[in-house]
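One structure below.
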Amino acid sequence: MRTVLPRALRLLLTTLAVVVVVFALLRVVPGDPVAMLLGDWAAPVDAERLRHALGLDVAWPVALPAYLNGLLHGDWGTSLVSGKPVLGMIFERLPATGWLGLAAMVVALLVGIPAGILLGLHNSRIGQMLVVAIIAVPTFVLGPLLIMGGAVKLGWFPVSGMTGLSSVVLPAVTLGLGMGAVLARLLAATLVEERAKAYGLTVAAKGGGQGALLHHWLRNALGPVVLIFCLQLGMVLTGTVLTEAVFGWPGIGSLLVEGLQARDYPLVQGCLILISVGYGLAILLADVLQALLDPRLRRRA
């Protein structure tokens, strides 16, 4: 409990700071949502009436307390475009993002753990270069390449949309491959460090074979990997923005892009708040696990 409470308080303060910064920035960036709704040829009187009806004629420091009070009571605002509650729109898209995130994490584990073990045991330079190359490829490049290969040329998967089990394969690989490469590189580095330690000689002297040595090496090397994996749970939400835009996936990321294009302030605020809270919870989980795995941090907390 002493470990969780200070970190939870920091998460709460960080979330509050994110809400204030996002609320302020969205009202000073270029672009007028009223012009997006009415068009450039709307009469000034009509524009002012709509701006007043939407509450956009109030300075952001004045409007901020009412917005924070609404958040505390579960009111995340109303979409300027659809007129629907923002929280309801987010809940409609959340299962799709959750499904994509889960599939991406499975891809990351299936790629990262075996590749990390092979690199850690054999220390292949070509393998390390391949891992770095995968990490360096951005989503907006890898996604179209997979679409061209797996959907257009081979016809194995749908080009875009959420139409069934096969439709999640390409976006999940796009999102999870880079995370798996990060896990592989970290696991390989920690395995190399563990193999250089003296306890391996003790295990061998007691008659332990390669399997026993690998068991001890992995048990000690997986600690940092678990922490990075928890942090990547938060990165899934941020990574879905580009991935969902590339594949037309109907999740939180595409909802955020739609809100940005329409200058839908309440919708963008809601999506960004959800992403920041998700990332903060992932960091909180990583901190708690680190304290549990490391007795020195647990005593310090």
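As shown in the structure tokens, the chain order sets the letters A, B, ...; within each chain, residues go from 1, and ligands are also counted from 1 in the order they appear.
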
Find the residues near Met105 of chain A: any atom within 7 Å, counting only C-alpha atoms, skip ones fewer than 4 places away on the same chain, and give them as a ChimeraX atom specification. /A:101,109,176

How would the residues just picked look written out with N, CA, C and O atoms as a PDB file, in the first residue's frame?
ATOM      1  N   GLY A 101      -5.261  -3.872 -29.343  1.00  0.00           N
ATOM      2  CA  GLY A 101      -4.139  -3.824 -28.403  1.00  0.00           C
ATOM      3  C   GLY A 101      -3.767  -5.194 -27.876  1.00  0.00           C
ATOM      4  O   GLY A 101      -2.576  -5.523 -27.761  1.00  0.00           O
ATOM      5  N   LEU A 109       4.820 -10.474 -27.813  1.00  0.00           N
ATOM      6  CA  LEU A 109       5.377 -11.571 -27.006  1.00  0.00           C
ATOM      7  C   LEU A 109       5.869 -12.715 -27.883  1.00  0.00           C
ATOM      8  O   LEU A 109       6.942 -13.279 -27.635  1.00  0.00           O
ATOM      9  N   GLY A 176       2.434  -4.466 -33.185  1.00  0.00           N
ATOM     10  CA  GLY A 176       3.157  -5.318 -32.249  1.00  0.00           C
ATOM     11  C   GLY A 176       4.567  -5.668 -32.647  1.00  0.00           C
ATOM     12  O   GLY A 176       5.386  -6.025 -31.787  1.00  0.00           O
TER      13      GLY A 176
END

Surrounding residues of Ala262 of chain A excluding itself and chain neighbours under 3 positions, 8 Å, only C-alpha atoms, as a ChimeraX atom specification: /A:33,36,81,258-259

Please dump the current selection as a compact mmCIF listing (two decimals), in the first residue's frame; keep N, CA, C and O atoms.
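File produced: selection-v8.txt:
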# COMPACT_ATOMS: atom_id res chain seq x y z
N PRO A 33 -14.04 25.54 -34.97
CA PRO A 33 -15.03 24.47 -35.19
C PRO A 33 -16.35 24.99 -35.73
O PRO A 33 -17.06 24.27 -36.43
N MET A 36 -16.09 25.04 -39.35
CA MET A 36 -16.16 23.68 -39.87
C MET A 36 -17.61 23.21 -39.94
O MET A 36 -18.00 22.48 -40.86
N VAL A 81 -19.96 17.91 -33.26
CA VAL A 81 -20.41 17.47 -34.58
C VAL A 81 -21.64 16.58 -34.48
O VAL A 81 -22.66 16.83 -35.13
N GLU A 258 -10.66 11.71 -36.28
CA GLU A 258 -11.91 12.33 -36.74
C GLU A 258 -12.19 13.62 -35.96
O GLU A 258 -12.63 14.63 -36.54
N GLY A 259 -11.95 13.59 -34.66
CA GLY A 259 -12.17 14.78 -33.86
C GLY A 259 -11.23 15.91 -34.22
O GLY A 259 -11.61 17.08 -34.26

Closest-contact table, segment 252-292 of chain A side, partner segment 48-58 of chain A, 12 Å, counting only C-alpha atoms, as JSON lines:
{"residue": "A:Arg263", "atom": "CA", "partner": "A:Leu56", "partner_atom": "CA", "distance": 11.9}
{"residue": "A:Asp264", "atom": "CA", "partner": "A:Leu54", "partner_atom": "CA", "distance": 10.9}
{"residue": "A:Tyr265", "atom": "CA", "partner": "A:Leu56", "partner_atom": "CA", "distance": 9.7}
{"residue": "A:Pro266", "atom": "CA", "partner": "A:Leu54", "partner_atom": "CA", "distance": 10.4}

Residue neighbourhood Leu237 of chain A, 7 Å, only C-alpha atoms, exclusion window fewer than 3 positions, as number ranges by chain: A: 234, 240, 275

Hey, can you spit out that residue selection with all heavy atoms as a CSV table (one decimal), in the first residue's frame?
chain,number,residue,atom,x,y,z
A,234,GLY,N,0.8,0.9,-22.1
A,234,GLY,CA,0.4,2.3,-22.3
A,234,GLY,C,0.7,2.8,-23.7
A,234,GLY,O,-0.1,3.6,-24.3
A,240,THR,N,-2.0,3.2,-31.4
A,240,THR,CA,-3.2,2.9,-32.2
A,240,THR,C,-3.6,4.1,-33.1
A,240,THR,O,-4.4,3.9,-34.0
A,240,THR,CB,-4.3,2.5,-31.3
A,240,THR,OG1,-4.6,3.4,-30.3
A,240,THR,CG2,-4.1,1.1,-30.7
A,275,ILE,N,-6.2,8.4,-23.3
A,275,ILE,CA,-4.9,7.9,-23.6
A,275,ILE,C,-3.9,8.2,-22.5
A,275,ILE,O,-3.1,7.3,-22.1
A,275,ILE,CB,-4.5,8.5,-25.0
A,275,ILE,CG1,-5.3,7.9,-26.1
A,275,ILE,CG2,-3.0,8.2,-25.2
A,275,ILE,CD1,-5.0,8.6,-27.4

Atom-to-atom span, atom CA of Ala136 of chain A and atom CA of Val182 of chain A, Å: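 Taking atom CA of Ala136 of chain A as the start and atom CA of Val182 of chain A as the end point, the length is 10.3 Å.
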
Sort by chain and increasing residue number a table of all residues of segment 235-260 of chain A within 8 Å of segment 91-98 of chain A, each with its closest pair of atoms and their distance in Å to one decimal, counting only C-alpha atoms, and write it as CSV.
residue,atom,partner,partner_atom,distance
A:Leu237,CA,A:Thr97,CA,7.7
A:Thr240,CA,A:Thr97,CA,7.3
A:Trp249,CA,A:Ala96,CA,7.6
A:Pro250,CA,A:Arg93,CA,6.3
A:Gly251,CA,A:Arg93,CA,4.6
A:Ile252,CA,A:Arg93,CA,5.6
A:Gly253,CA,A:Thr97,CA,7.7
A:Leu255,CA,A:Arg93,CA,7.6

Need to verify the contact set: Ala133 of chain A, 10 Å, only C-alpha atoms, exclusion of same-chain residues closer than 6 positions in sequence. Can you return it as a PyMOL selection string? chain A and resi 127+178+181

Find the residues near segment 145-155 of chain A: any atom within 9 Å, counting only C-alpha atoms, skip ones fewer than 2 places away on the same chain, and give them as JSON, numbers by chain. {"A": [140, 141, 142, 143, 157, 158, 159, 160, 170, 171, 173, 174, 247]}

Would you kindly return, as a list in words, each protein, DNA or RNA residue with an atom no farther than 7 Å from any atom of Ala172 of chain A, considering only C-alpha atoms and excluding same-chain residues fewer than 5 positions away? Leu100, Ala103, Ala104 and Val107 of chain A

From the DSSP assignment of the backbone, select every residue of segment 142-285 of chain A that is helix (DSSP H, G or I), and format the answer as an mmCIF file with C-alpha atoms, in the first residue's frame.
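To be explicit, this is the file written out as selection09.cif:
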data_model
loop_
_atom_site.group_PDB
_atom_site.id
_atom_site.type_symbol
_atom_site.label_atom_id
_atom_site.label_comp_id
_atom_site.auth_asym_id
_atom_site.auth_seq_id
_atom_site.Cartn_x
_atom_site.Cartn_y
_atom_site.Cartn_z
ATOM 1 C CA LEU A 142 5.206 -0.646 -42.218
ATOM 2 C CA GLY A 143 1.403 -0.566 -42.399
ATOM 3 C CA PRO A 144 1.114 0.262 -46.114
ATOM 4 C CA LEU A 145 3.848 -2.280 -46.898
ATOM 5 C CA LEU A 146 1.876 -5.016 -45.147
ATOM 6 C CA ILE A 147 -1.290 -3.909 -46.924
ATOM 7 C CA MET A 148 0.433 -4.108 -50.301
ATOM 8 C CA GLY A 149 1.873 -7.542 -49.556
ATOM 9 C CA GLY A 150 -0.722 -9.331 -47.435
ATOM 10 C CA ALA A 151 -3.930 -7.699 -48.697
ATOM 11 C CA VAL A 152 -3.416 -6.419 -52.247
ATOM 12 C CA LYS A 153 -0.984 -8.950 -53.752
ATOM 13 C CA LEU A 165 -10.750 -12.275 -37.145
ATOM 14 C CA SER A 166 -8.525 -11.962 -40.208
ATOM 15 C CA SER A 167 -8.908 -8.177 -40.299
ATOM 16 C CA VAL A 168 -6.947 -7.753 -37.046
ATOM 17 C CA VAL A 169 -3.835 -9.562 -38.303
ATOM 18 C CA LEU A 170 -2.206 -6.772 -40.328
ATOM 19 C CA PRO A 171 -2.841 -3.928 -37.851
ATOM 20 C CA ALA A 172 -1.773 -6.149 -34.943
ATOM 21 C CA VAL A 173 1.477 -7.064 -36.699
ATOM 22 C CA THR A 174 2.063 -3.398 -37.579
ATOM 23 C CA LEU A 175 1.580 -2.316 -33.975
ATOM 24 C CA GLY A 176 3.157 -5.318 -32.249
ATOM 25 C CA LEU A 177 6.223 -5.955 -34.383
ATOM 26 C CA GLY A 178 8.122 -2.893 -33.198
ATOM 27 C CA MET A 179 7.223 -3.583 -29.566
ATOM 28 C CA GLY A 180 8.372 -7.168 -29.973
ATOM 29 C CA ALA A 181 11.686 -5.957 -31.384
ATOM 30 C CA VAL A 182 12.175 -3.720 -28.325
ATOM 31 C CA LEU A 183 11.459 -6.672 -26.020
ATOM 32 C CA ALA A 184 13.860 -8.870 -27.989
ATOM 33 C CA ARG A 185 16.684 -6.356 -27.787
ATOM 34 C CA LEU A 186 16.231 -5.828 -24.044
ATOM 35 C CA LEU A 187 15.918 -9.544 -23.284
ATOM 36 C CA ALA A 188 19.017 -10.314 -25.359
ATOM 37 C CA ALA A 189 21.052 -7.658 -23.535
ATOM 38 C CA THR A 190 19.974 -8.868 -20.092
ATOM 39 C CA LEU A 191 20.632 -12.501 -21.035
ATOM 40 C CA VAL A 192 24.172 -11.613 -22.111
ATOM 41 C CA GLU A 193 24.711 -9.947 -18.737
ATOM 42 C CA GLU A 194 23.312 -12.921 -16.837
ATOM 43 C CA ARG A 195 25.434 -15.410 -18.777
ATOM 44 C CA TYR A 199 26.306 -18.297 -10.597
ATOM 45 C CA GLY A 200 26.195 -20.084 -13.962
ATOM 46 C CA LEU A 201 29.387 -21.914 -12.992
ATOM 47 C CA THR A 202 27.757 -22.988 -9.728
ATOM 48 C CA VAL A 203 24.721 -24.370 -11.541
ATOM 49 C CA ALA A 204 26.974 -26.259 -13.961
ATOM 50 C CA ALA A 205 29.100 -27.615 -11.096
ATOM 51 C CA GLN A 210 21.821 -26.142 -20.595
ATOM 52 C CA GLY A 211 18.137 -26.231 -19.693
ATOM 53 C CA ALA A 212 18.825 -25.485 -16.027
ATOM 54 C CA LEU A 213 21.201 -22.680 -16.950
ATOM 55 C CA LEU A 214 18.638 -21.164 -19.322
ATOM 56 C CA HIS A 215 15.987 -21.386 -16.595
ATOM 57 C CA HIS A 216 18.129 -19.398 -14.147
ATOM 58 C CA TRP A 217 19.229 -16.893 -16.779
ATOM 59 C CA LEU A 218 15.669 -16.256 -17.931
ATOM 60 C CA ARG A 219 14.300 -15.947 -14.401
ATOM 61 C CA ASN A 220 16.782 -13.178 -13.633
ATOM 62 C CA ALA A 221 16.590 -11.546 -17.072
ATOM 63 C CA LEU A 222 12.815 -11.321 -17.336
ATOM 64 C CA GLY A 223 12.503 -8.664 -14.603
ATOM 65 C CA PRO A 224 13.390 -5.662 -16.806
ATOM 66 C CA VAL A 225 11.451 -7.203 -19.695
ATOM 67 C CA VAL A 226 8.279 -7.392 -17.588
ATOM 68 C CA LEU A 227 8.633 -3.711 -16.708
ATOM 69 C CA ILE A 228 9.102 -2.672 -20.335
ATOM 70 C CA PHE A 229 6.156 -4.850 -21.334
ATOM 71 C CA CYS A 230 3.960 -3.008 -18.810
ATOM 72 C CA LEU A 231 5.113 0.332 -20.187
ATOM 73 C CA GLN A 232 4.262 -0.874 -23.677
ATOM 74 C CA LEU A 233 0.688 -1.488 -22.531
ATOM 75 C CA GLY A 234 0.409 2.293 -22.317
ATOM 76 C CA MET A 235 2.158 2.752 -25.641
ATOM 77 C CA VAL A 236 -0.520 0.616 -27.295
ATOM 78 C CA LEU A 237 -3.047 3.453 -26.926
ATOM 79 C CA THR A 238 -0.693 6.012 -28.436
ATOM 80 C CA GLY A 239 0.395 3.637 -31.179
ATOM 81 C CA THR A 240 -3.171 2.894 -32.241
ATOM 82 C CA VAL A 241 -3.638 6.474 -33.467
ATOM 83 C CA LEU A 242 -1.486 5.948 -36.571
ATOM 84 C CA THR A 243 -2.227 2.245 -36.919
ATOM 85 C CA GLU A 244 -5.989 2.710 -36.848
ATOM 86 C CA ALA A 245 -5.733 5.609 -39.277
ATOM 87 C CA VAL A 246 -3.746 3.476 -41.739
ATOM 88 C CA PHE A 247 -6.073 0.469 -41.550
ATOM 89 C CA ILE A 252 -10.072 5.301 -30.174
ATOM 90 C CA GLY A 253 -7.210 6.297 -32.480
ATOM 91 C CA SER A 254 -9.439 6.812 -35.502
ATOM 92 C CA LEU A 255 -11.974 8.611 -33.292
ATOM 93 C CA LEU A 256 -9.243 11.014 -32.218
ATOM 94 C CA VAL A 257 -8.263 11.655 -35.839
ATOM 95 C CA GLU A 258 -11.909 12.333 -36.735
ATOM 96 C CA GLY A 259 -12.171 14.782 -33.856
ATOM 97 C CA LEU A 260 -9.004 16.593 -34.893
ATOM 98 C CA GLN A 261 -10.159 16.929 -38.485
ATOM 99 C CA TYR A 265 -12.775 19.990 -28.986
ATOM 100 C CA PRO A 266 -14.743 17.879 -26.466
ATOM 101 C CA LEU A 267 -14.151 14.699 -28.461
ATOM 102 C CA VAL A 268 -10.413 15.335 -28.821
ATOM 103 C CA GLN A 269 -10.156 16.180 -25.118
ATOM 104 C CA GLY A 270 -11.914 12.962 -24.136
ATOM 105 C CA CYS A 271 -9.694 10.794 -26.330
ATOM 106 C CA LEU A 272 -6.497 12.440 -25.106
ATOM 107 C CA ILE A 273 -7.567 12.131 -21.480
ATOM 108 C CA LEU A 274 -8.282 8.431 -21.945
ATOM 109 C CA ILE A 275 -4.904 7.879 -23.620
ATOM 110 C CA SER A 276 -3.039 9.778 -20.885
ATOM 111 C CA VAL A 277 -4.855 7.896 -18.110
ATOM 112 C CA GLY A 278 -4.129 4.568 -19.813
ATOM 113 C CA TYR A 279 -0.465 5.421 -20.164
ATOM 114 C CA GLY A 280 -0.319 6.596 -16.557
ATOM 115 C CA LEU A 281 -1.909 3.374 -15.308
ATOM 116 C CA ALA A 282 0.655 1.375 -17.278
ATOM 117 C CA ILE A 283 3.473 3.353 -15.645
ATOM 118 C CA LEU A 284 1.857 2.812 -12.236
ATOM 119 C CA LEU A 285 1.683 -0.935 -12.894
#

Report, in Å to a single decimal, how far apart atom CA of Asp287 of chain A and atom CA of Leu110 of chain A are. 24.3 Å

Atom CA of Thr15 of chain A and atom CA of Val288 of chain A, how far apart in Å? 18.3 Å
